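Here's the structure, in structure tokens; my notes come after.
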Amino acid sequence: MTRLMLGRTLERICKGVLLLCLLHFLIMMILYFDVYSQRFDLFSRFNNGRNGSRNNVSGAGSGHHYYYYNLSRPNTTLASYLATGEQLVPSMQPESNQTPSPKPLPPCPESPPGLVGRLLIEFSSQMTMERVQKENPNVTEGGRYMPPDCRPRWKVAVIIPFRHRENHLKYWLHYLHPILRRQKIDYGIYIINQLGEDTFNRAKLLNVGYTEALKDAEYDCFIFSDVDLIPMDDRNLYHCYDQPRHFAIAMDKFGFRLPYAGYFGGVSGLSKKQFLKINGFPNEYWGWGGEDDDIYNRFNKIQNTKNTMKKDGISSLTYRLVQVKRYPLYTNISVEIGKPPPRPIKG
């Protein structure tokens, strides 16, 4: 009887010890998981903060730094930024709306890769300004365009003397805007419209175009073009060179040759420095012709022209500006330029 009771007592003791061990084990597991969960939560928040920093900072990229400092951010210094950086998690810092400065664009290539060479020029299809505008969605108001992927050497103003040539203008814009965009040129188109029905003065309108275009932007290159001349090859690059450039050296109406030596008409290009050196175009050539030869002579310093160009040109230009209106494809500048002097009466 005594042995039986002793055995039951030992059994109860063993069960009690076992329960105590089990209770201790459960308590240890609870404590362990509690501590582990806190550490896991800290790691998770830190990791999320690091990933958030990568996602919110454009250009950080390397993933080796948990902090990022934007030197271009205004009204702050590195010391003041670090003084507020007590938290370890970058995502806890106030986010700045400033974005990193864009990388500078490379220079545009001398021979742009998008050129196609010889072009098929035809005038049989009907042309509208709406069609031309749809064809050139990247051209901005006033006929302005700048390449988005490179930095052009020249800023070019294309200047067209104009009166009553609306149909020609549609085709000119239809062909020239795509050509100039492929040539990677920073340019603006300026139509210089002579009001009234007095004798046309092409050269004086070109001087007006030069003057008015400079009020619009800091151009350093000027292309002077007739509205009815379209290049047949887009490798004929419309920018300036070390010497004045005559682009229209071969036209179909002249059998693809110059009509005579010294012809400088149709389409020509001058830098701002070159234009000022010869005092621009002469103002006193009324009617078509003559002014082109005068320009050629100015560069070749023919004695008579050398004397007259000092007093007849951009320095003596007078006109009345009537209207400047910016259309989607070009800027129209309407002017009154006066009347030609009366012809002397023959005795």
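Residue numbers start at 1 in each chain; chains themselves are named A, B, ... in the order of the structure tokens; ligands are numbered from 1 in the order shown.
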Close residues, range 272-281 of chain A itself excluded, 7 Å, only C-alpha atoms, min 4 positions apart in chain, as a PyMOL selection string: chain A and resi 203-204+207+220-221+295+298+309-310+313-315
List every residue of range 121-242 of chain A that DSSP, applied to the backbone of this structure, assigns to strand (DSSP E), and report them as a ChimeraX atom specification. /A:144-145,155-162,186-194,221-225
Find the residues near Met146 in chain A: any atom within 7 Å, counting only C-alpha atoms, skip ones fewer than 6 places away on the same chain, and give them as a PyMOL selection string. chain A and resi 185-187
Would you kindly return, as a ChimeraX atom specification, each protein, DNA or RNA residue with an atom no farther than 9 Å from any atom of Ile230 in chain A, considering only C-alpha atoms and excluding same-chain residues fewer than 6 positions away? /A:121,171-172,175-176
Of the candidates A:Arg144, A:Arg131, A:Gly338, A:Asn307, which shows the shortest atom-to-atom distance to Asp216 in chain A, using only C-alpha atoms? A:Arg144
Write out as a CSV table (one decimal) with N, CA and C atoms, in the first residue's frame which residues come within 6 Å of Pro328 in chain A when counting only C-alpha atoms, dropping same-chain ones fewer than 2 positions away.
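Generated output (around_18.csv):
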chain,number,residue,atom,x,y,z
A,141,GLU,N,4.5,77.4,-81.9
A,141,GLU,CA,3.9,78.7,-82.4
A,141,GLU,C,4.9,79.6,-83.0
A,142,GLY,N,4.6,80.2,-84.1
A,142,GLY,CA,5.6,81.1,-84.8
A,142,GLY,C,6.5,80.4,-85.7
A,143,GLY,N,6.3,79.0,-85.9
A,143,GLY,CA,7.2,78.3,-86.8
A,143,GLY,C,8.5,78.0,-86.2
Which of these residues is nearest to Ile223 in chain A, using only C-alpha atoms: A:Gly188, A:Asp242, A:Asn193, A:Asn201? A:Gly188
